[in-house]
file data_5.txt (compact mmCIF, C-alpha atoms and all ligand atoms)
# COMPACT_ATOMS: atom_id res chain seq x y z
CA MET A 109 -211.46 -88.02 -3.51
CA THR A 110 -213.77 -88.15 -6.48
CA ASP A 111 -214.76 -91.49 -8.06
CA LEU A 112 -213.00 -92.91 -11.11
CA ASP A 113 -215.61 -91.84 -13.65
CA GLU A 114 -215.65 -88.31 -12.30
CA ARG A 115 -211.84 -88.10 -12.36
CA ALA A 116 -211.80 -89.29 -15.97
CA ALA A 117 -214.43 -86.69 -16.90
CA LEU A 118 -212.45 -83.95 -15.14
CA ARG A 119 -209.29 -85.02 -17.00
CA ASP A 120 -211.15 -84.87 -20.32
CA LEU A 121 -212.47 -81.41 -19.49
CA ALA A 122 -208.98 -80.23 -18.47
CA GLU A 123 -207.71 -81.43 -21.85
CA GLN A 124 -210.54 -79.81 -23.78
CA LEU A 125 -209.93 -76.46 -22.06
CA ALA A 126 -206.13 -76.59 -22.39
CA ARG A 127 -206.48 -77.32 -26.11
CA GLN A 128 -208.96 -74.46 -26.59
CA ALA A 129 -206.71 -71.98 -24.80
CA GLY A 130 -203.67 -73.35 -26.63
CA GLU A 131 -205.36 -72.83 -29.98
CA LEU A 132 -206.14 -69.24 -29.01
CA VAL A 133 -202.61 -68.36 -27.90
CA GLN A 134 -201.02 -69.96 -30.93
CA ARG A 135 -203.50 -68.64 -33.53
CA ASP A 136 -203.53 -65.08 -32.20
CA ARG A 137 -199.82 -64.81 -31.38
CA PRO A 138 -198.68 -61.53 -32.92
CA ALA A 139 -195.42 -61.43 -34.91
CA ARG A 140 -193.93 -59.31 -32.14
CA VAL A 141 -195.36 -60.13 -28.75
CA ALA A 142 -195.65 -56.99 -26.64
CA VAL A 143 -195.18 -57.09 -22.89
CA THR A 144 -198.32 -55.55 -21.40
CA ASP A 145 -197.31 -55.68 -17.75
CA THR A 146 -194.77 -57.00 -15.27
CA LYS A 147 -195.41 -58.76 -11.96
CA SER A 148 -192.83 -59.69 -9.32
CA SER A 149 -189.90 -58.06 -11.17
CA ALA A 150 -189.13 -56.36 -14.49
CA THR A 151 -188.35 -59.75 -16.06
CA ASP A 152 -191.61 -61.39 -14.88
CA VAL A 153 -193.70 -60.42 -17.89
CA VAL A 154 -197.37 -60.64 -18.81
CA THR A 155 -198.62 -60.51 -22.40
CA ALA A 156 -202.11 -59.74 -23.65
CA MET A 157 -202.37 -63.41 -24.60
CA ASP A 158 -201.72 -64.58 -21.01
CA ARG A 159 -204.77 -62.53 -20.05
CA ALA A 160 -206.90 -63.61 -23.01
CA SER A 161 -206.10 -67.27 -22.36
CA GLU A 162 -206.94 -66.96 -18.66
CA GLN A 163 -210.17 -65.15 -19.53
CA LEU A 164 -211.16 -67.99 -21.86
CA LEU A 165 -210.39 -70.63 -19.21
CA SER A 166 -212.22 -68.67 -16.53
CA SER A 167 -215.38 -68.06 -18.56
CA GLN A 168 -215.58 -71.68 -19.75
CA LEU A 169 -215.15 -72.98 -16.20
CA LEU A 170 -217.78 -70.59 -14.86
CA ARG A 171 -220.19 -71.86 -17.51
CA LEU A 172 -219.38 -75.58 -17.20
CA ARG A 173 -218.39 -75.94 -13.52
CA PRO A 174 -219.99 -73.02 -11.65
CA GLU A 175 -219.64 -74.68 -8.24
CA ASP A 176 -215.88 -75.19 -8.49
CA GLY A 177 -213.28 -72.67 -7.32
CA LEU A 178 -210.63 -71.16 -9.59
CA LEU A 179 -207.05 -69.96 -9.14
CA GLY A 180 -205.32 -68.49 -12.17
CA GLU A 181 -201.77 -67.18 -12.55
CA GLU A 182 -202.93 -63.83 -13.89
CA GLY A 183 -205.11 -63.09 -10.88
CA THR A 184 -208.45 -64.71 -11.61
CA GLY A 185 -209.75 -66.30 -8.45
CA ARG A 186 -213.08 -67.32 -7.05
CA PRO A 187 -214.10 -69.58 -4.21
CA GLY A 188 -216.19 -72.65 -4.90
CA SER A 189 -218.64 -74.80 -2.98
CA SER A 190 -217.84 -78.23 -4.50
CA GLY A 191 -214.47 -78.84 -2.80
CA LEU A 192 -212.72 -78.73 -6.19
CA THR A 193 -210.52 -75.86 -7.38
CA TRP A 194 -209.25 -75.39 -10.93
CA VAL A 195 -205.65 -74.21 -10.98
CA VAL A 196 -204.64 -72.78 -14.34
CA ASP A 197 -201.54 -71.31 -15.92
CA PRO A 198 -202.75 -69.68 -19.16
CA ILE A 199 -199.22 -69.64 -20.63
CA ASP A 200 -196.50 -71.40 -18.65
CA GLY A 201 -193.31 -70.24 -20.30
CA THR A 202 -194.41 -66.71 -21.14
CA VAL A 203 -190.84 -65.58 -21.88
CA ASN A 204 -190.41 -68.40 -24.43
CA TYR A 205 -193.78 -67.48 -25.92
CA ALA A 206 -192.79 -63.83 -26.22
CA TYR A 207 -189.51 -64.74 -27.96
CA GLY A 208 -191.08 -67.33 -30.28
CA LEU A 209 -189.32 -70.27 -28.63
CA PRO A 210 -191.51 -73.37 -28.99
CA ILE A 211 -191.52 -74.53 -25.35
CA TYR A 212 -194.54 -73.15 -23.55
CA SER A 213 -197.81 -74.64 -22.40
CA VAL A 214 -201.30 -74.17 -21.11
CA SER A 215 -201.57 -75.97 -17.79
CA VAL A 216 -205.03 -76.86 -16.44
CA ALA A 217 -205.50 -78.88 -13.24
CA VAL A 218 -208.29 -79.51 -10.80
CA VAL A 219 -207.35 -80.10 -7.18
CA THR A 220 -208.87 -80.88 -3.78
CA GLY A 221 -207.82 -79.12 -0.58
CA ASP A 222 -206.38 -75.71 0.19
CA VAL A 223 -204.28 -74.46 -2.75
CA ALA A 224 -202.87 -71.64 -0.62
CA ALA A 225 -200.89 -74.07 1.58
CA ALA A 226 -198.08 -76.36 0.37
CA GLY A 227 -198.96 -79.99 1.00
CA ALA A 228 -202.62 -79.19 1.74
CA TRP A 229 -203.90 -79.84 -1.79
CA ARG A 230 -203.83 -82.77 -4.20
CA PRO A 231 -204.35 -82.78 -7.95
CA VAL A 232 -207.28 -84.88 -9.14
CA ALA A 233 -206.86 -84.43 -12.89
CA GLY A 234 -204.91 -82.25 -15.27
CA CYS A 235 -203.54 -81.50 -18.69
CA VAL A 236 -200.40 -79.78 -20.00
CA HIS A 237 -200.69 -78.82 -23.66
CA ASN A 238 -197.85 -77.34 -25.71
CA PRO A 239 -199.51 -75.65 -28.68
CA ALA A 240 -196.17 -75.10 -30.44
CA SER A 241 -195.25 -78.80 -30.54
CA GLY A 242 -198.86 -80.02 -30.49
CA GLU A 243 -198.04 -82.36 -27.59
CA THR A 244 -200.60 -83.01 -24.87
CA TRP A 245 -200.01 -84.72 -21.55
CA THR A 246 -202.97 -85.72 -19.39
CA ALA A 247 -203.44 -87.49 -16.08
CA ALA A 248 -206.05 -88.35 -13.50
CA ALA A 249 -205.26 -89.58 -10.00
CA GLY A 250 -205.13 -93.38 -10.02
CA LEU A 251 -205.85 -93.56 -13.76
CA GLY A 252 -202.36 -93.04 -15.16
CA ALA A 253 -200.82 -90.46 -17.46
CA THR A 254 -200.78 -90.19 -21.24
CA LEU A 255 -198.85 -88.35 -23.93
CA ASP A 256 -201.06 -87.75 -26.97
CA GLY A 257 -203.38 -90.52 -25.79
CA VAL A 258 -200.62 -93.11 -25.30
CA PRO A 259 -200.13 -94.36 -21.71
CA LEU A 260 -196.92 -93.12 -20.16
CA THR A 261 -194.49 -94.92 -17.85
CA ALA A 262 -191.29 -93.10 -16.94
CA PRO A 263 -188.14 -95.09 -17.76
CA ALA A 264 -185.82 -96.22 -14.97
CA PRO A 265 -183.51 -93.29 -14.17
CA PRO A 266 -179.73 -93.40 -14.55
CA ALA A 267 -177.09 -92.83 -11.87
CA PRO A 268 -176.72 -89.16 -10.85
CA ASP A 269 -173.53 -88.62 -12.89
CA GLN A 270 -175.42 -89.75 -16.03
CA ALA A 271 -178.56 -87.70 -15.32
CA LEU A 272 -179.85 -84.89 -17.53
CA VAL A 273 -181.41 -82.48 -15.04
CA GLY A 274 -183.90 -79.72 -15.83
CA THR A 275 -184.22 -76.66 -13.65
CA GLY A 276 -185.55 -73.12 -13.73
CA PHE A 277 -185.03 -69.73 -12.15
CA GLY A 278 -187.37 -67.32 -10.42
CA TYR A 279 -187.68 -63.66 -11.29
CA GLN A 280 -186.02 -62.00 -8.28
CA PRO A 281 -182.32 -61.18 -8.80
CA ALA A 282 -181.30 -62.30 -5.28
CA GLN A 283 -183.14 -65.59 -5.69
CA ARG A 284 -181.50 -66.15 -9.09
CA ARG A 285 -178.04 -65.59 -7.62
CA ARG A 286 -178.76 -68.32 -5.10
CA GLN A 287 -180.28 -70.64 -7.72
CA ALA A 288 -177.26 -70.13 -10.00
CA ALA A 289 -174.88 -71.01 -7.14
CA VAL A 290 -176.79 -74.24 -6.45
CA MET A 291 -176.76 -75.11 -10.15
CA ALA A 292 -173.02 -74.39 -10.47
CA ALA A 293 -172.32 -76.80 -7.61
CA LEU A 294 -174.61 -79.49 -9.05
CA LEU A 295 -173.39 -79.28 -12.66
CA PRO A 296 -170.08 -81.16 -12.20
CA GLN A 297 -171.99 -84.01 -10.52
CA VAL A 298 -174.54 -84.73 -13.27
CA ARG A 299 -174.49 -85.30 -17.05
CA ASP A 300 -175.76 -81.80 -17.81
CA VAL A 301 -178.38 -79.23 -16.91
CA ARG A 302 -181.22 -77.78 -19.06
CA ARG A 303 -183.22 -74.60 -18.48
CA LEU A 304 -186.12 -75.03 -20.89
CA GLY A 305 -188.47 -72.32 -19.59
CA SER A 306 -191.78 -74.02 -18.75
CA ALA A 307 -192.00 -75.81 -15.42
CA ALA A 308 -195.16 -77.68 -16.44
CA VAL A 309 -193.41 -79.02 -19.56
CA ASP A 310 -190.27 -79.89 -17.54
CA LEU A 311 -192.33 -82.11 -15.24
CA CYS A 312 -193.96 -83.82 -18.24
CA LEU A 313 -190.54 -84.34 -19.84
CA VAL A 314 -189.41 -86.25 -16.75
CA ALA A 315 -192.58 -88.34 -17.09
CA CYS A 316 -191.59 -89.33 -20.63
CA GLY A 317 -187.84 -89.71 -20.07
CA ARG A 318 -186.61 -86.70 -22.05
CA LEU A 319 -185.25 -85.33 -18.80
CA ASP A 320 -184.07 -87.64 -16.02
CA ALA A 321 -184.90 -85.16 -13.27
CA TYR A 322 -186.14 -81.64 -12.64
CA TYR A 323 -185.86 -79.35 -9.65
CA GLU A 324 -186.79 -75.73 -9.04
CA GLN A 325 -187.31 -73.36 -6.15
CA GLY A 326 -190.14 -70.83 -6.11
CA LEU A 327 -192.86 -72.60 -8.09
CA ASN A 328 -196.49 -71.70 -7.60
CA ALA A 329 -199.43 -74.10 -7.60
CA TRP A 330 -200.32 -73.15 -11.19
CA ASP A 331 -196.81 -74.05 -12.46
CA LEU A 332 -196.95 -77.34 -10.64
CA ALA A 333 -200.40 -78.89 -10.33
CA ALA A 334 -200.97 -80.54 -13.74
CA GLY A 335 -197.35 -81.45 -14.50
CA MET A 336 -196.84 -82.93 -11.05
CA LEU A 337 -199.83 -85.25 -11.54
CA VAL A 338 -198.61 -86.31 -15.00
CA ALA A 339 -195.17 -87.09 -13.54
CA ARG A 340 -196.52 -88.97 -10.52
CA GLU A 341 -198.97 -90.99 -12.57
CA ALA A 342 -196.07 -91.98 -14.85
CA GLY A 343 -194.19 -93.31 -11.80
CA VAL A 344 -191.98 -90.31 -11.03
CA THR A 345 -191.44 -89.23 -7.41
CA VAL A 346 -192.31 -85.55 -6.93
CA SER A 347 -191.67 -83.94 -3.55
CA GLY A 348 -189.87 -81.19 -1.70
CA LEU A 349 -186.52 -81.93 -0.03
CA ALA A 350 -186.23 -84.42 2.84
CA GLY A 351 -189.78 -85.74 2.46
CA ARG A 352 -191.41 -82.35 2.57
CA PRO A 353 -194.33 -81.67 0.21
CA PRO A 354 -193.51 -80.10 -3.17
CA GLY A 355 -194.03 -76.33 -3.23
CA GLY A 356 -192.38 -72.93 -3.05
CA PRO A 357 -189.21 -73.97 -1.18
CA LEU A 358 -188.42 -76.71 -3.70
CA VAL A 359 -189.88 -79.19 -6.17
CA LEU A 360 -187.78 -82.25 -7.08
CA ALA A 361 -189.02 -84.76 -9.66
CA ALA A 362 -187.13 -87.94 -10.62
CA GLY A 363 -187.49 -91.72 -10.63
CA ALA A 364 -186.98 -93.24 -7.19
CA PRO A 365 -183.25 -94.03 -6.85
CA LEU A 366 -182.18 -90.84 -8.62
CA HIS A 367 -184.66 -88.83 -6.57
CA ALA A 368 -183.01 -89.97 -3.33
CA ALA A 369 -179.52 -89.16 -4.63
CA LEU A 370 -180.51 -85.69 -5.85
CA ASP A 371 -182.43 -85.04 -2.65
CA ALA A 372 -179.19 -85.63 -0.70
CA LEU A 373 -177.13 -83.45 -3.08
CA LEU A 374 -179.63 -80.59 -3.13
CA THR A 375 -180.16 -80.76 0.64
CA GLY A 376 -176.39 -80.48 1.08
CA LEU A 377 -176.40 -77.42 -1.18
CA GLY A 378 -179.27 -75.81 0.72
CA ALA A 379 -181.30 -75.62 -2.50
CA ASP A 380 -184.50 -74.84 -0.63
CA ARG A 381 -182.96 -71.95 1.33
CA LEU A 382 -184.17 -68.69 -0.04
CA MET A 383 -181.09 -66.47 0.09
CA ASP A 384 -177.60 -66.47 1.57
C1 LIG B 1 -192.36 -69.75 -15.30
C2 LIG B 1 -191.84 -70.96 -16.06
C3 LIG B 1 -190.36 -71.12 -15.84
C4 LIG B 1 -190.02 -71.24 -14.38
C5 LIG B 1 -190.56 -70.06 -13.61
C6 LIG B 1 -192.05 -69.92 -13.84
P1 LIG B 1 -194.45 -68.39 -16.30
O1 LIG B 1 -193.76 -69.62 -15.46
O2 LIG B 1 -192.51 -72.13 -15.63
O3 LIG B 1 -189.86 -72.28 -16.48
O4 LIG B 1 -188.62 -71.30 -14.25
O5 LIG B 1 -190.30 -70.31 -12.25
O6 LIG B 1 -192.55 -68.83 -13.14
O7 LIG B 1 -194.09 -67.13 -15.54
O8 LIG B 1 -193.88 -68.42 -17.64
O9 LIG B 1 -195.89 -68.74 -16.24

call {"tool": "encode", "arguments": {"input": "data_5.txt", "output": "C-alpha cells"}}
result
Amino acid sequence: MTDLDERAALRDLAEQLARQAGELVQRDRPARVAVTDTKSSATDVVTAMDRASEQLLSSQLLRLRPEDGLLGEEGTGRPGSSGLTWVVDPIDGTVNYAYGLPIYSVSVAVVTGDVAAAGAWRPVAGCVHNPASGETWTAAAGLGATLDGVPLTAPAPPAPDQALVGTGFGYQPAQRRRQAAVMAALLPQVRDVRRLGSAAVDLCLVACGRLDAYYEQGLNAWDLAAGMLVAREAGVTVSGLAGRPPGGPLVLAAGAPLHAALDALLTGLGADRLMD
C-alpha cells in the first residue's frame, strides 16, 4: 500500500481528472445525444461523449502517470510497471446522460492488485463526480471520504423494513428477468426501492445517507472502484454475499446491522445466482 502522502496526492489527481472529464461531457453534451454504438446488448449504449471522456482521461494519465496501468470502460487498457492501475468509467449512467436525466458521473479510481479478478484488487484513492449536480465525492484508503470537501460519515442505518434500497439492472434480458424477480421479492420487506441509473453515484449516496443500502449484480470494476472506496471510507460495509468479495456476482453496500440483514435476505433469494 502506498504511503499517506501518496494516497492523498492520488486522490487529488483522481478528483482533478474526474472534474476535467465531467466538464467536457457536460459542456459538449448535444441537445440530442446520439447512440454511436452498443456493447453487450442493444440497450447497453455508448455515446461519442463516453469515448471523448475516456480519451481525455487516458491521455492525461499517460502524460502524468506513464508508469501506471489503465482500465477504462470503453476499452482503453494498458499495463503498467508501478503496481497501480487507474480504473475509469468515463460516464457511469450513460442512459441517464443520453436522456438528459441528471444522475450520471465520471468515476476515477486507482487500485492495487489484479483488476481482472474479484477480490484481488483494492482501491487506493478515487473520485466520483456528477457534473449535472456539481457534486464530488472523494476518498483515499485510510484518509476518509468527502462530499464537496466536507468529511463524510454514513448515518446509522435503519431496520430493514424502514430501509430505502438502491439497485440496478444489467443489460442482458435474461439477467434482468432474474434481477426483477429478486427485487419483487425484496420490495415488500423494505421501505422502497430506487433504480437511479449510476452505480458509482448509488454507492456514494449510501455513504451520505440518501440511500440506506444498495445492491446490484453484474457490476464491473469501473462501476465499483471509486464509489466502493467512498462508501467504505464513510463507514459503509461493501461486500459480496456471505462474506465474499464485492464483484460481478453481487455488490451489497449498507451500514453494518442492515448489511447483515440484507445479506441474509438476498442470499435467501439467490441474488448472486446468474439465471434460473
Ligand atoms: C451502468 C450504471 C447502472 C448500472 C449498470 C451499469 P454505464 O453503467 O452504473 O446504474 O445498473 O449495471 O452498467 O453502462 O452507464 O457505465

call {"tool": "residues_around", "arguments": {"input": "data_5.txt", "residues": "range 271-284 of chain A", "least_positions_apart": "2", "cutoff": "6 Å", "atoms": "all atoms listed in the file", "output": "MDAnalysis selection string"}}
result
chainID A and resid 152 266 268:269 286:288 298:303 319:324

call {"tool": "closest_residue", "arguments": {"input": "data_5.txt", "among": "A:Gly335, A:Gly257, A:Gly250, A:Gly227", "to": "ligand LIG 1 (chain B)", "atoms": "only C-alpha atoms and all ligand atoms"}}
result
A:Gly335

call {"tool": "residues_near_ligand", "arguments": {"input": "data_5.txt", "ligand": "ligand LIG 1 (chain B)", "cutoff": "6 Å", "atoms": "all atoms listed in the file", "output": "VMD selection string"}}
result
chain A and resid 199 to 203 276 to 278 305 to 307 327 331

call {"tool": "closest_residue", "arguments": {"input": "data_5.txt", "among": "A:Glu341, A:Glu114, A:Glu131, A:Asp371", "to": "Ala247 in chain A", "atoms": "only C-alpha atoms"}}
result
A:Glu341

call {"tool": "closest_residue", "arguments": {"input": "data_5.txt", "among": "A:Gly355, A:Ala225, A:Ala289, A:Ala264", "to": "Ala315 in chain A", "atoms": "only C-alpha atoms"}}
result
A:Ala264

call {"tool": "atom_distance", "arguments": {"input": "data_5.txt", "atom1": "CA of Ala224 in chain A", "atom2": "CA of Ala339 in chain A"}}
result
21.6 Å

call {"tool": "closest_residue", "arguments": {"input": "data_5.txt", "among": "A:Thr244, A:Thr220, A:Asn204, A:Gln124", "to": "Leu178 in chain A", "atoms": "only C-alpha atoms"}}
result
A:Thr220

call {"tool": "residues_around", "arguments": {"input": "data_5.txt", "residues": "Asp256 in chain A", "least_positions_apart": "4", "cutoff": "12 Å", "atoms": "only C-alpha atoms", "output": "list in words"}}
result
Glu123, Arg127, Cys235, Val236, His237, Asn238, Ser241, Gly242, Glu243, Thr244, Trp245, Thr246, Ala247, Leu260, Cys312 and Cys316 of chain A

call {"tool": "residues_around", "arguments": {"input": "data_5.txt", "residues": "Ser347 in chain A", "least_positions_apart": "3", "cutoff": "12 Å", "atoms": "all atoms listed in the file", "output": "VMD selection string"}}
result
chain A and resid 226 to 227 311 321 to 325 332 336 to 337 339 to 340 344 350 to 364 367 to 368 370 to 371 380

call {"tool": "write_last_selection", "arguments": {"input": "data_5.txt", "atoms": "C-alpha atoms", "output": "PDB file, keeping the file's coordinate frame"}}
result
ATOM      1  CA  ALA A 226    -198.080 -76.360   0.370  1.00  0.00           C
ATOM      2  CA  GLY A 227    -198.960 -79.990   1.000  1.00  0.00           C
ATOM      3  CA  LEU A 311    -192.330 -82.110 -15.240  1.00  0.00           C
ATOM      4  CA  ALA A 321    -184.900 -85.160 -13.270  1.00  0.00           C
ATOM      5  CA  TYR A 322    -186.140 -81.640 -12.640  1.00  0.00           C
ATOM      6  CA  TYR A 323    -185.860 -79.350  -9.650  1.00  0.00           C
ATOM      7  CA  GLU A 324    -186.790 -75.730  -9.040  1.00  0.00           C
ATOM      8  CA  GLN A 325    -187.310 -73.360  -6.150  1.00  0.00           C
ATOM      9  CA  LEU A 332    -196.950 -77.340 -10.640  1.00  0.00           C
ATOM     10  CA  MET A 336    -196.840 -82.930 -11.050  1.00  0.00           C
ATOM     11  CA  LEU A 337    -199.830 -85.250 -11.540  1.00  0.00           C
ATOM     12  CA  ALA A 339    -195.170 -87.090 -13.540  1.00  0.00           C
ATOM     13  CA  ARG A 340    -196.520 -88.970 -10.520  1.00  0.00           C
ATOM     14  CA  VAL A 344    -191.980 -90.310 -11.030  1.00  0.00           C
ATOM     15  CA  ALA A 350    -186.230 -84.420   2.840  1.00  0.00           C
ATOM     16  CA  GLY A 351    -189.780 -85.740   2.460  1.00  0.00           C
ATOM     17  CA  ARG A 352    -191.410 -82.350   2.570  1.00  0.00           C
ATOM     18  CA  PRO A 353    -194.330 -81.670   0.210  1.00  0.00           C
ATOM     19  CA  PRO A 354    -193.510 -80.100  -3.170  1.00  0.00           C
ATOM     20  CA  GLY A 355    -194.030 -76.330  -3.230  1.00  0.00           C
ATOM     21  CA  GLY A 356    -192.380 -72.930  -3.050  1.00  0.00           C
ATOM     22  CA  PRO A 357    -189.210 -73.970  -1.180  1.00  0.00           C
ATOM     23  CA  LEU A 358    -188.420 -76.710  -3.700  1.00  0.00           C
ATOM     24  CA  VAL A 359    -189.880 -79.190  -6.170  1.00  0.00           C
ATOM     25  CA  LEU A 360    -187.780 -82.250  -7.080  1.00  0.00           C
ATOM     26  CA  ALA A 361    -189.020 -84.760  -9.660  1.00  0.00           C
ATOM     27  CA  ALA A 362    -187.130 -87.940 -10.620  1.00  0.00           C
ATOM     28  CA  GLY A 363    -187.490 -91.720 -10.630  1.00  0.00           C
ATOM     29  CA  ALA A 364    -186.980 -93.240  -7.190  1.00  0.00           C
ATOM     30  CA  HIS A 367    -184.660 -88.830  -6.570  1.00  0.00           C
ATOM     31  CA  ALA A 368    -183.010 -89.970  -3.330  1.00  0.00           C
ATOM     32  CA  LEU A 370    -180.510 -85.690  -5.850  1.00  0.00           C
ATOM     33  CA  ASP A 371    -182.430 -85.040  -2.650  1.00  0.00           C
ATOM     34  CA  ASP A 380    -184.500 -74.840  -0.630  1.00  0.00           C
TER      35      ASP A 380
END

call {"tool": "closest_residue", "arguments": {"input": "data_5.txt", "among": "A:Ala334, A:Val154, A:Ala379, A:Leu164", "to": "Ala233 in chain A", "atoms": "all atoms listed in the file"}}
result
A:Ala334

call {"tool": "atom_distance", "arguments": {"input": "data_5.txt", "atom1": "CA of Val141 in chain A", "atom2": "CA of Gln163 in chain A"}}
result
18.2 Å

call {"tool": "closest_residue", "arguments": {"input": "data_5.txt", "among": "A:Ala333, A:Ala139, A:Leu295, A:Ala342", "to": "Thr254 in chain A", "atoms": "only C-alpha atoms"}}
result
A:Ala342

call {"tool": "atom_distance", "arguments": {"input": "data_5.txt", "atom1": "CA of Thr146 in chain A", "atom2": "CA of Trp330 in chain A"}}
result
17.6 Å

call {"tool": "residues_around", "arguments": {"input": "data_5.txt", "residues": "Trp194 in chain A", "least_positions_apart": "4", "cutoff": "9 Å", "atoms": "all atoms listed in the file", "output": "JSON, numbers by chain"}}
result
{"A": [122, 169, 176, 177, 178, 179, 180, 216, 217, 218, 219]}
